[in-house]
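The file run_8.cif comes next; it holds mmCIF, C-alpha atoms and all ligand atoms.
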data_protein
loop_
_atom_site.group_PDB
_atom_site.id
_atom_site.type_symbol
_atom_site.label_atom_id
_atom_site.label_comp_id
_atom_site.auth_asym_id
_atom_site.auth_seq_id
_atom_site.Cartn_x
_atom_site.Cartn_y
_atom_site.Cartn_z
ATOM 1 C CA MET A 6 -11.418 -38.364 -10.766
ATOM 2 C CA HIS A 7 -10.748 -34.738 -11.650
ATOM 3 C CA SER A 8 -10.645 -32.605 -8.544
ATOM 4 C CA SER A 9 -13.321 -30.147 -9.738
ATOM 5 C CA SER A 10 -15.802 -32.925 -10.504
ATOM 6 C CA LEU A 11 -14.945 -34.421 -7.138
ATOM 7 C CA PHE A 12 -15.831 -31.068 -5.604
ATOM 8 C CA ILE A 13 -19.148 -30.900 -7.479
ATOM 9 C CA THR A 14 -20.021 -34.429 -6.319
ATOM 10 C CA PHE A 15 -19.066 -33.471 -2.792
ATOM 11 C CA ALA A 16 -21.023 -30.197 -2.949
ATOM 12 C CA ALA A 17 -24.064 -32.000 -4.396
ATOM 13 C CA ALA A 18 -23.875 -34.536 -1.592
ATOM 14 C CA LEU A 19 -24.062 -31.663 0.883
ATOM 15 C CA GLY A 20 -27.004 -30.166 -0.947
ATOM 16 C CA PHE A 21 -25.343 -27.100 -2.457
ATOM 17 C CA VAL A 22 -26.929 -25.632 -5.540
ATOM 18 C CA ALA A 23 -24.440 -25.774 -8.370
ATOM 19 C CA ALA A 24 -23.533 -22.243 -9.470
ATOM 20 C CA ALA A 25 -23.665 -21.329 -13.138
ATOM 21 C CA PRO A 26 -20.206 -21.485 -14.673
ATOM 22 C CA THR A 27 -18.581 -18.053 -14.531
ATOM 23 C CA ASP A 28 -16.562 -16.524 -17.315
ATOM 24 C CA ASN A 29 -13.132 -15.771 -15.915
ATOM 25 C CA THR A 30 -11.554 -14.958 -19.227
ATOM 26 C CA TYR A 31 -12.114 -11.199 -19.064
ATOM 27 C CA ASN A 32 -9.412 -9.645 -16.968
ATOM 28 C CA PRO A 33 -8.491 -6.100 -17.982
ATOM 29 C CA THR A 34 -5.205 -6.132 -16.122
ATOM 30 C CA LYS A 35 -3.982 -9.070 -18.174
ATOM 31 C CA THR A 36 -5.136 -8.166 -21.657
ATOM 32 C CA SER A 37 -2.578 -5.411 -22.137
ATOM 33 C CA SER A 38 0.869 -6.362 -23.335
ATOM 34 C CA SER A 39 2.320 -2.956 -22.498
ATOM 35 C CA PRO A 40 4.759 -2.724 -19.576
ATOM 36 C CA ARG A 41 3.315 -1.827 -16.219
ATOM 37 C CA THR A 42 3.496 1.766 -15.107
ATOM 38 C CA THR A 43 5.540 2.349 -11.968
ATOM 39 C CA HIS A 44 4.637 5.266 -9.700
ATOM 40 C CA THR A 45 7.524 6.379 -7.512
ATOM 41 C CA VAL A 46 6.904 7.676 -3.994
ATOM 42 C CA VAL A 47 9.706 8.886 -1.730
ATOM 43 C CA ALA A 48 9.388 8.514 2.028
ATOM 44 C CA GLY A 49 11.150 11.445 3.629
ATOM 45 C CA ARG A 50 11.334 13.483 0.430
ATOM 46 C CA GLY A 51 13.406 16.619 0.942
ATOM 47 C CA GLY A 52 14.271 15.483 4.465
ATOM 48 C CA ARG A 53 10.697 16.146 5.605
ATOM 49 C CA LEU A 54 8.172 13.913 7.355
ATOM 50 C CA ILE A 55 6.161 13.357 4.196
ATOM 51 C CA PHE A 56 5.651 10.933 1.360
ATOM 52 C CA GLY A 57 6.284 12.709 -1.912
ATOM 53 C CA PRO A 58 3.988 12.563 -3.725
ATOM 54 C CA ASP A 59 1.340 11.659 -1.171
ATOM 55 C CA ASN A 60 -1.709 11.590 -3.430
ATOM 56 C CA ILE A 61 -1.210 9.145 -6.261
ATOM 57 C CA VAL A 62 -3.518 8.215 -9.105
ATOM 58 C CA ALA A 63 -2.601 4.746 -10.342
ATOM 59 C CA GLU A 64 -4.399 2.474 -12.767
ATOM 60 C CA VAL A 65 -5.251 -1.085 -11.852
ATOM 61 C CA GLY A 66 -2.287 -3.343 -12.540
ATOM 62 C CA SER A 67 0.316 -0.626 -12.036
ATOM 63 C CA ILE A 68 3.042 -0.626 -9.401
ATOM 64 C CA VAL A 69 3.636 1.879 -6.614
ATOM 65 C CA GLU A 70 7.304 1.876 -5.666
ATOM 66 C CA PHE A 71 8.334 3.361 -2.325
ATOM 67 C CA HIS A 72 11.864 4.767 -1.949
ATOM 68 C CA PHE A 73 13.315 5.636 1.432
ATOM 69 C CA ASN A 74 15.384 8.630 2.470
ATOM 70 C CA PRO A 75 16.800 9.066 5.999
ATOM 71 C CA LEU A 76 15.822 8.394 8.735
ATOM 72 C CA ASN A 77 14.289 4.985 9.383
ATOM 73 C CA HIS A 78 10.938 5.400 7.655
ATOM 74 C CA SER A 79 8.479 2.669 6.706
ATOM 75 C CA VAL A 80 5.207 2.198 4.878
ATOM 76 C CA VAL A 81 2.145 0.359 6.157
ATOM 77 C CA GLU A 82 -1.335 0.072 4.679
ATOM 78 C CA SER A 83 -4.083 1.609 6.798
ATOM 79 C CA SER A 84 -7.680 2.719 6.294
ATOM 80 C CA PHE A 85 -9.352 6.093 5.928
ATOM 81 C CA GLY A 86 -11.079 6.079 9.299
ATOM 82 C CA LYS A 87 -8.279 4.621 11.386
ATOM 83 C CA PRO A 88 -5.047 6.346 10.447
ATOM 84 C CA CYS A 89 -1.683 5.295 11.885
ATOM 85 C CA GLN A 90 -2.593 1.652 12.306
ATOM 86 C CA PRO A 91 -2.655 -1.351 10.008
ATOM 87 C CA LYS A 92 -5.955 -1.844 8.198
ATOM 88 C CA ASP A 93 -6.009 -5.548 9.012
ATOM 89 C CA ALA A 94 -3.763 -8.597 9.299
ATOM 90 C CA ASP A 95 -3.127 -8.516 5.544
ATOM 91 C CA SER A 96 -2.081 -4.851 5.383
ATOM 92 C CA PHE A 97 1.087 -4.394 3.412
ATOM 93 C CA PHE A 98 4.247 -3.553 5.343
ATOM 94 C CA GLY A 99 7.699 -3.035 3.865
ATOM 95 C CA GLY A 100 9.739 -3.116 7.082
ATOM 96 C CA PHE A 101 11.817 -0.223 8.430
ATOM 97 C CA PHE A 102 14.558 1.353 6.326
ATOM 98 C CA PRO A 103 17.167 2.607 8.791
ATOM 99 C CA ILE A 104 19.566 4.701 6.744
ATOM 100 C CA ARG A 105 21.687 7.659 7.732
ATOM 101 C CA GLN A 106 22.375 9.239 4.380
ATOM 102 C CA GLY A 107 21.419 8.917 0.739
ATOM 103 C CA GLN A 108 18.654 6.533 -0.244
ATOM 104 C CA SER A 109 18.011 2.991 0.815
ATOM 105 C CA ASP A 110 19.509 0.341 -1.469
ATOM 106 C CA GLU A 111 16.111 -1.309 -1.464
ATOM 107 C CA VAL A 112 12.616 -0.222 -2.416
ATOM 108 C CA PHE A 113 9.205 -1.648 -1.585
ATOM 109 C CA GLN A 114 6.722 -2.271 -4.371
ATOM 110 C CA ILE A 115 3.007 -2.930 -4.207
ATOM 111 C CA GLU A 116 0.596 -3.750 -6.996
ATOM 112 C CA VAL A 117 -2.611 -1.751 -7.425
ATOM 113 C CA LYS A 118 -5.148 -4.550 -7.558
ATOM 114 C CA ASP A 119 -8.381 -2.568 -7.859
ATOM 115 C CA THR A 120 -9.722 0.986 -7.918
ATOM 116 C CA ARG A 121 -10.405 1.305 -4.206
ATOM 117 C CA PRO A 122 -8.401 3.918 -2.279
ATOM 118 C CA ILE A 123 -5.251 2.567 -0.638
ATOM 119 C CA TRP A 124 -4.287 4.516 2.493
ATOM 120 C CA PHE A 125 -0.808 4.288 3.960
ATOM 121 C CA TYR A 126 1.413 5.763 6.658
ATOM 122 C CA CYS A 127 4.875 5.647 8.151
ATOM 123 C CA ALA A 128 4.954 3.636 11.369
ATOM 124 C CA GLN A 129 7.948 5.368 12.924
ATOM 125 C CA ASN A 130 6.674 6.287 16.387
ATOM 126 C CA ASN A 131 9.899 7.906 17.378
ATOM 127 C CA GLY A 132 8.894 11.370 16.153
ATOM 128 C CA ALA A 133 5.250 10.468 15.553
ATOM 129 C CA HIS A 134 5.703 10.450 11.800
ATOM 130 C CA CYS A 135 2.112 9.468 11.000
ATOM 131 C CA GLN A 136 0.535 12.088 13.232
ATOM 132 C CA SER A 137 2.952 14.678 11.831
ATOM 133 C CA GLY A 138 1.679 14.172 8.294
ATOM 134 C CA MET A 139 3.444 11.084 7.008
ATOM 135 C CA THR A 140 0.357 9.592 5.398
ATOM 136 C CA GLY A 141 -0.745 9.166 1.825
ATOM 137 C CA VAL A 142 -3.267 7.628 -0.507
ATOM 138 C CA VAL A 143 -3.452 5.869 -3.840
ATOM 139 C CA ASN A 144 -6.666 6.552 -5.778
ATOM 140 C CA GLN A 145 -8.427 8.868 -3.380
ATOM 141 C CA ASN A 146 -12.116 9.315 -4.166
ATOM 142 C CA PHE A 147 -11.862 12.855 -5.517
ATOM 143 C CA ASP A 148 -15.646 13.245 -5.727
ATOM 144 C CA CYS A 149 -16.053 12.973 -2.005
ATOM 145 C CA GLN A 150 -14.155 15.496 0.104
ATOM 146 C CA GLU A 151 -15.415 13.774 3.221
ATOM 147 C CA PHE A 152 -12.907 11.011 2.446
ATOM 148 C CA SER A 153 -10.064 13.219 1.255
ATOM 149 C CA LEU A 154 -6.412 12.946 2.204
ATOM 150 C CA ARG A 155 -6.827 16.229 4.038
ATOM 151 C CA ALA A 156 -9.658 14.798 6.152
ATOM 152 C CA HIS A 157 -7.632 11.647 6.788
ATOM 153 C CA ARG A 158 -4.670 13.725 7.956
ATOM 154 C CA GLU A 159 -6.917 15.683 10.306
ATOM 155 C CA LEU A 160 -7.878 12.372 11.898
ATOM 156 C CA ALA A 161 -4.226 11.288 12.030
ATOM 157 C CA THR A 162 -3.195 14.295 14.105
ATOM 158 C CA LYS A 163 -5.613 13.127 16.812
ATOM 159 C CA VAL A 164 -4.324 9.572 17.071
ATOM 160 C CA GLN A 165 -3.026 9.014 20.589
ATOM 161 C CA GLU A 166 -1.618 5.532 20.312
ATOM 162 C CA PRO A 167 -0.534 4.442 16.873
ATOM 163 C CA GLY A 168 -1.077 0.741 16.292
ATOM 164 C CA GLY A 169 1.898 -1.550 15.869
ATOM 165 C CA VAL A 170 3.135 -2.915 12.608
ATOM 166 C CA GLN A 171 3.041 -6.370 11.074
ATOM 167 C CA ALA A 172 5.569 -8.907 12.292
ATOM 168 C CA ASN A 173 6.806 -9.525 8.763
ATOM 169 C CA ILE A 174 7.321 -7.758 5.481
ATOM 170 C CA GLN A 175 4.206 -8.610 3.486
ATOM 171 C CA GLY A 176 1.795 -7.550 0.783
ATOM 172 C CA GLY A 177 4.488 -6.394 -1.632
ATOM 173 C CA TRP A 178 8.090 -6.900 -2.688
ATOM 174 C CA ARG A 179 11.234 -5.492 -1.131
ATOM 175 C CA ILE A 180 13.758 -5.465 -3.950
ATOM 176 C CA PRO A 181 17.066 -3.799 -4.887
ATOM 177 C CA ASN A 182 16.531 -0.170 -5.928
ATOM 178 C CA PRO A 183 16.117 -0.281 -9.727
ATOM 179 C CA ASN A 184 16.934 3.442 -10.006
ATOM 180 C CA PRO A 185 19.575 4.224 -7.375
ATOM 181 C CA LEU A 186 20.680 7.394 -9.158
ATOM 182 C CA GLY A 187 17.165 8.805 -9.182
ATOM 183 C CA GLY A 188 18.321 11.753 -7.069
ATOM 184 C CA PHE A 189 15.380 12.285 -4.780
HETATM 185 C C1 LIG B 201 13.947 1.850 13.265
HETATM 186 O O1 LIG B 201 12.690 2.105 13.867
HETATM 187 C C2 LIG B 201 12.079 0.971 14.451
HETATM 188 C C3 LIG B 201 10.709 1.393 14.971
HETATM 189 O O2 LIG B 201 10.798 2.475 15.825
HETATM 190 C C4 LIG B 201 12.948 0.413 15.534
HETATM 191 O O3 LIG B 201 12.378 -0.750 16.059
HETATM 192 C C5 LIG B 201 14.322 0.089 14.966
HETATM 193 O O4 LIG B 201 15.179 -0.310 15.988
HETATM 194 C C6 LIG B 201 14.909 1.314 14.281
HETATM 195 N N1 LIG B 201 16.168 0.961 13.664
HETATM 196 C C7 LIG B 201 17.272 1.691 13.835
HETATM 197 C C8 LIG B 201 18.511 1.133 13.213
HETATM 198 O O5 LIG B 201 17.256 2.734 14.437
HETATM 199 CU CU CU B 202 8.668 8.147 8.707
#
Would you mind writing the file's structure down as structure tokens?
Amino acid sequence: MHSSSLFITFAAALGFVAAAPTDNTYNPTKTSSSPRTTHTVVAGRGGRLIFGPDNIVAEVGSIVEFHFNPLNHSVVESSFGKPCQPKDADSFFGGFFPIRQGQSDEVFQIEVKDTRPIWFYCAQNNGAHCQSGMTGVVNQNFDCQEFSLRAHRELATKVQEPGGVQANIQGGWRIPNPNPLGGF
């Protein structure tokens, strides 16, 4: 027996109401044959405790690619209201990039899966990078200043104990730097 009909039989036996079939064929991120856009962000741009740029507008399906300058930065997904800590157990985390000079040989990529804002920070506690301004956002809600990057950063300065990071690299891809001569 086909597994889906097995499921329907099983669900019917439990008294579930069968849902109307849904049309999954419309998926805007898959209809385009054009290459994905990649948005480059540099952690530690210009030797400062910033992500540059830190306020990114990225269409659904595009890639945000984090590059790492010295010293030992990272990127972790957070939330607007709780800066400097992972949003949840699934928050992306690219690991630490301990380098002394130049750029890391590796980058961390994430995919923009929907239009919701994606908040992120650097989890380097040694120097309180997040509280010092190392935070950023993809697709900030520009209509609502209450939830702006500026307001988020205000909150970040007040964080006493930054939360830890994930145990593993997750939620994205750590890959060889595709543009090592980018000159950031
Ligand atoms: C980089 O920073 C992390 C977090 O503070 C630390 O655990 C790790 O040892 C550091 N790596 C180096 C090589 O300094
Ligand atoms: Cu940092």
Box in all listed atoms of range 72-77 of chain A, axis-aligned, with 8 Å more on each side; write out centre and edge lengths in Å to one decimal as AutoDock Vina command-line options.
--center_x 14.3 --center_y 6.9 --center_z 3.7 --size_x 20.9 --size_y 20.3 --size_z 27.3
> For this file, the PyMOL selection byres (((not hetatm)) within 8 of (chain B and resi 201)) selects which residues, as a PyMOL selection string?
Replying inline: chain A and resi 77-78+101-104+128-131
>> As a check of understanding, name the residues that the PyMOL selection byres (((chain A and resi 133) around 10) and not hetatm) selects in the supplied structure, as a list in words.
In response: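 Taken on the displayed file, the PyMOL selection byres (((chain A and resi 133) around 10) and not hetatm) yields the residues Leu54, Cys89, Cys127, Ala128, Gln129, Asn130, Asn131, Gly132, His134, Cys135, Gln136, Ser137, Gly138, Met139, Thr162, Val164, Gln165, Glu166 and Pro167 of chain A.
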Any chance you could resolve the PyMOL selection byres (((chain A and resi 68) around 7) and not hetatm) against this file and give the residues as a CSV table (one decimal) with C-alpha atoms, keeping the file's coordinate frame?
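And here's part15.csv as it stands now:
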chain,number,residue,atom,x,y,z
A,41,ARG,CA,3.3,-1.8,-16.2
A,42,THR,CA,3.5,1.8,-15.1
A,43,THR,CA,5.5,2.3,-12.0
A,44,HIS,CA,4.6,5.3,-9.7
A,66,GLY,CA,-2.3,-3.3,-12.5
A,67,SER,CA,0.3,-0.6,-12.0
A,69,VAL,CA,3.6,1.9,-6.6
A,70,GLU,CA,7.3,1.9,-5.7
A,114,GLN,CA,6.7,-2.3,-4.4
A,115,ILE,CA,3.0,-2.9,-4.2
A,116,GLU,CA,0.6,-3.8,-7.0
A,117,VAL,CA,-2.6,-1.8,-7.4
> Leaving out Pro183 in chain A and any residue of its chain fewer than 5 positions from it, which residues lie within 10 Å of it when counting only C-alpha atoms, given as a list in words?
Replying inline: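 Contacts, in chain order: Glu70, Asp110, Glu111 and Val112 of chain A.
Compared by their closest atoms to ligand CU 202 (chain B), and using all atoms listed in the file, the residues A:Ser109, A:Asn60, A:Asn144, A:Asn74 rank with A:Asn74 nearest.
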>> Counting all atoms listed in the file, find residues at most 6 Å from (5.8, -5.5, -3.0) (file frame) and give them as a ChimeraX atom specification.
In response: /A:113-115,176-179
Let's have the selection written as a CSV table (one decimal), in the coordinates of the input, with C-alpha atoms.
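Writing the result to selection22.csv gives the following:
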chain,number,residue,atom,x,y,z
A,113,PHE,CA,9.2,-1.6,-1.6
A,114,GLN,CA,6.7,-2.3,-4.4
A,115,ILE,CA,3.0,-2.9,-4.2
A,176,GLY,CA,1.8,-7.6,0.8
A,177,GLY,CA,4.5,-6.4,-1.6
A,178,TRP,CA,8.1,-6.9,-2.7
A,179,ARG,CA,11.2,-5.5,-1.1
> How far is it from CA of Gln175 in chain A to CA of Val81 in chain A, in Å with one decimal?
Replying inline: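 Computing the Euclidean distance for CA of Gln175 in chain A and CA of Val81 in chain A yields 9.6 Å.
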>> For a test of reading the model, state the distance in Å between CA of Val46 in chain A and CA of Asp59 in chain A, rounded to one decimal.
In response: 7.4 Å
> Of the residues A:Val80, A:Val62, A:Val142, A:Val170, which is the one nearest to Asp93 in chain A, using only C-alpha atoms?
Replying inline: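 With only C-alpha atoms as the atom set, the closest residue is A:Val170.
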>> Rounded to one decimal, what separation in Å do you get between CA of Phe125 in chain A and CA of Thr140 in chain A?
In response: 5.6 Å
